[in-house]
Amino acid sequence: MSAGGAASRDRTAAASAPPDLGPPTTFLLLRHGATALTARGRFSGSGAREDPPLADAGRAQAAAVARHLRGTTVDAVVSSPLRRCRETAAALGLPYAVEEDLRETGFGTWEGLTFAEARARDPEVFAAWLADPSAAPPEGESFAEVAVRVAAARDRLRTAHAGRTVLLVSHVTPLKTLLRLALDAPPAALFRMDLDPASLSALAVWGDGNTTVRYVNTTAHLPPA
């Protein structure tokens with residue numbers, strides 16, 4: 001083979017090789033520990049009059065997460081502003097920042113109600129809420145609105161912590177939304193995922209914007225219920 005042919009082959013190989021994207025930005029997704037409302041299956045969002053603290057079980061869960069993470073590289077911890085997340089983040093023993101857009105959905109007049117109570121109070125609105133991500137509870141926030149602010153928070157944090165590992169302490173809806181967006185899944189996927197209190201999930205965002213989900217709803221680190 002001539003030198004010219006070899007050079008041409010090398011140029012072709014270089015052009016077809018995948019780009020070096022560097023290390024991804026890894027997001028560890030931690031749902032806060034249990035509160036009194038968690039145990040009763042009640043809506044507990046950012047619009048509630050009360051901002052419930054962790055229950056005893058939630059504090060034990062947060063302590064278990066702290067033990068599990070020892071020896072794990074975590075470059076930054078970012079929490080929802082709500083008390084149950086801030087208490088969970090504080091229990092980890094690491095400095096943390098607060099990101100307003102990681103707060104839970106505002107459930108409006110359904111705050112404090114069970115699903116059954118909300119359905120009985122507003123049957124048509126409840127059915128629309130289940131079927132349409134742009135529908136919101138009375139005086140509340142839609143899943144579409146939550147997705148916009150959660151995606152914006154993700155992008156800001158990815159830029160600020162590129163190539164590093166960031167632990168996000170948040171709530172069911174924001175964390176499910178991050179996983180849904182990573183999978184390019186439809187909004188209905190929110191109702192097909194379970195995220196237990198103090199569970200861990202993880203996703204990686206690469207330099208070109210592609211995202212991979214590494215695991216979902218890991219609870220092996222938690223004490224027996």
# chains A, B, ... in the order shown; residues from 1 in each chain; ligands from 1
>>> select_by_dssp(residues="region 19-135 of chain A", states="helix (DSSP H, G or I)", output="PyMOL selection string")
chain A and resi 36-39+56-69+83-91+100-102+108-110+115-121+123-131
>>> residues_around(residues="region 103-119 of chain A", least_positions_apart="6", cutoff="7 Å", atoms="only C-alpha atoms", output="PDB file with N, CA and C atoms, in the first residue's frame")
ATOM      1  N   GLY A  41     -49.598   8.084  52.805  1.00  0.00           N
ATOM      2  CA  GLY A  41     -49.893   8.184  51.380  1.00  0.00           C
ATOM      3  C   GLY A  41     -50.623   9.446  50.999  1.00  0.00           C
ATOM      4  N   ARG A  42     -50.250  10.580  51.598  1.00  0.00           N
ATOM      5  CA  ARG A  42     -50.942  11.839  51.341  1.00  0.00           C
ATOM      6  C   ARG A  42     -50.091  12.765  50.465  1.00  0.00           C
ATOM      7  N   PHE A  43     -50.765  13.573  49.656  1.00  0.00           N
ATOM      8  CA  PHE A  43     -50.054  14.565  48.856  1.00  0.00           C
ATOM      9  C   PHE A  43     -49.283  15.498  49.775  1.00  0.00           C
ATOM     10  N   SER A  44     -48.011  15.670  49.481  1.00  0.00           N
ATOM     11  CA  SER A  44     -47.159  16.560  50.275  1.00  0.00           C
ATOM     12  C   SER A  44     -46.241  17.278  49.306  1.00  0.00           C
ATOM     13  N   GLY A  45     -46.668  18.436  48.858  1.00  0.00           N
ATOM     14  CA  GLY A  45     -45.935  19.151  47.823  1.00  0.00           C
ATOM     15  C   GLY A  45     -45.353  20.452  48.313  1.00  0.00           C
ATOM     16  N   SER A  46     -45.004  21.309  47.372  1.00  0.00           N
ATOM     17  CA  SER A  46     -44.387  22.586  47.731  1.00  0.00           C
ATOM     18  C   SER A  46     -45.425  23.640  48.090  1.00  0.00           C
ATOM     19  N   GLY A  47     -46.707  23.336  47.876  1.00  0.00           N
ATOM     20  CA  GLY A  47     -47.743  24.311  48.192  1.00  0.00           C
ATOM     21  C   GLY A  47     -48.413  24.083  49.523  1.00  0.00           C
ATOM     22  N   ALA A  48     -47.920  23.101  50.299  1.00  0.00           N
ATOM     23  CA  ALA A  48     -48.543  22.792  51.577  1.00  0.00           C
ATOM     24  C   ALA A  48     -48.307  23.914  52.584  1.00  0.00           C
ATOM     25  N   SER A  80     -33.442  20.094  47.438  1.00  0.00           N
ATOM     26  CA  SER A  80     -34.685  20.873  47.398  1.00  0.00           C
ATOM     27  C   SER A  80     -34.730  21.792  48.616  1.00  0.00           C
ATOM     28  N   PRO A  81     -35.444  22.912  48.524  1.00  0.00           N
ATOM     29  CA  PRO A  81     -35.536  23.809  49.680  1.00  0.00           C
ATOM     30  C   PRO A  81     -36.451  23.303  50.784  1.00  0.00           C
ATOM     31  N   LEU A  82     -37.242  22.279  50.528  1.00  0.00           N
ATOM     32  CA  LEU A  82     -38.210  21.833  51.522  1.00  0.00           C
ATOM     33  C   LEU A  82     -37.516  21.091  52.664  1.00  0.00           C
ATOM     34  N   PHE A 126     -59.332  15.405  38.525  1.00  0.00           N
ATOM     35  CA  PHE A 126     -58.387  14.337  38.858  1.00  0.00           C
ATOM     36  C   PHE A 126     -58.147  13.446  37.643  1.00  0.00           C
ATOM     37  N   PRO A 137     -53.687  20.244  39.397  1.00  0.00           N
ATOM     38  CA  PRO A 137     -54.679  20.259  40.476  1.00  0.00           C
ATOM     39  C   PRO A 137     -55.204  21.680  40.677  1.00  0.00           C
ATOM     40  N   PRO A 138     -56.364  21.837  41.270  1.00  0.00           N
ATOM     41  CA  PRO A 138     -56.867  23.193  41.532  1.00  0.00           C
ATOM     42  C   PRO A 138     -55.839  24.000  42.332  1.00  0.00           C
ATOM     43  N   GLU A 139     -55.468  25.166  41.794  1.00  0.00           N
ATOM     44  CA  GLU A 139     -54.494  26.065  42.416  1.00  0.00           C
ATOM     45  C   GLU A 139     -53.096  25.442  42.510  1.00  0.00           C
ATOM     46  N   GLY A 140     -52.850  24.398  41.714  1.00  0.00           N
ATOM     47  CA  GLY A 140     -51.574  23.699  41.788  1.00  0.00           C
ATOM     48  C   GLY A 140     -50.757  23.806  40.510  1.00  0.00           C
ATOM     49  N   GLU A 141     -49.844  22.885  40.361  1.00  0.00           N
ATOM     50  CA  GLU A 141     -48.838  22.921  39.301  1.00  0.00           C
ATOM     51  C   GLU A 141     -48.949  21.649  38.464  1.00  0.00           C
ATOM     52  N   VAL A 146     -43.583  21.292  36.018  1.00  0.00           N
ATOM     53  CA  VAL A 146     -42.499  20.720  36.821  1.00  0.00           C
ATOM     54  C   VAL A 146     -41.350  20.289  35.925  1.00  0.00           C
ATOM     55  N   SER A 170     -34.132  15.201  46.565  1.00  0.00           N
ATOM     56  CA  SER A 170     -35.371  15.806  46.080  1.00  0.00           C
ATOM     57  C   SER A 170     -36.553  14.893  46.399  1.00  0.00           C
ATOM     58  N   HIS A 171     -37.585  14.978  45.565  1.00  0.00           N
ATOM     59  CA  HIS A 171     -38.883  14.371  45.839  1.00  0.00           C
ATOM     60  C   HIS A 171     -39.277  13.432  44.706  1.00  0.00           C
ATOM     61  N   THR A 173     -41.743  13.433  42.375  1.00  0.00           N
ATOM     62  CA  THR A 173     -42.018  13.928  41.020  1.00  0.00           C
ATOM     63  C   THR A 173     -40.776  14.486  40.327  1.00  0.00           C
ATOM     64  N   PRO A 174     -39.980  15.345  40.954  1.00  0.00           N
ATOM     65  CA  PRO A 174     -38.778  15.821  40.253  1.00  0.00           C
ATOM     66  C   PRO A 174     -37.812  14.702  39.871  1.00  0.00           C
TER      67      PRO A 174
END
>>> atom_distance(atom1="CA of Asp132 (chain A)", atom2="CA of Asp194 (chain A)")
19.7 Å
>>> residues_around(residues="region 98-100 of chain A", least_positions_apart="6", cutoff="12 Å", atoms="only C-alpha atoms", output="number ranges by chain")
A: 46, 76-83, 85-87, 89-90, 146, 149-150, 152-154, 156-157, 167-170, 174
>>> atom_distance(atom1="CA of Arg31 (chain A)", atom2="CA of Leu200 (chain A)")
6.9 Å
>>> closest_residue(among="A:Ala60, A:Ser199, A:Pro224, A:Ala182", to="Thr212 (chain A)", atoms="only C-alpha atoms")
A:Ala182
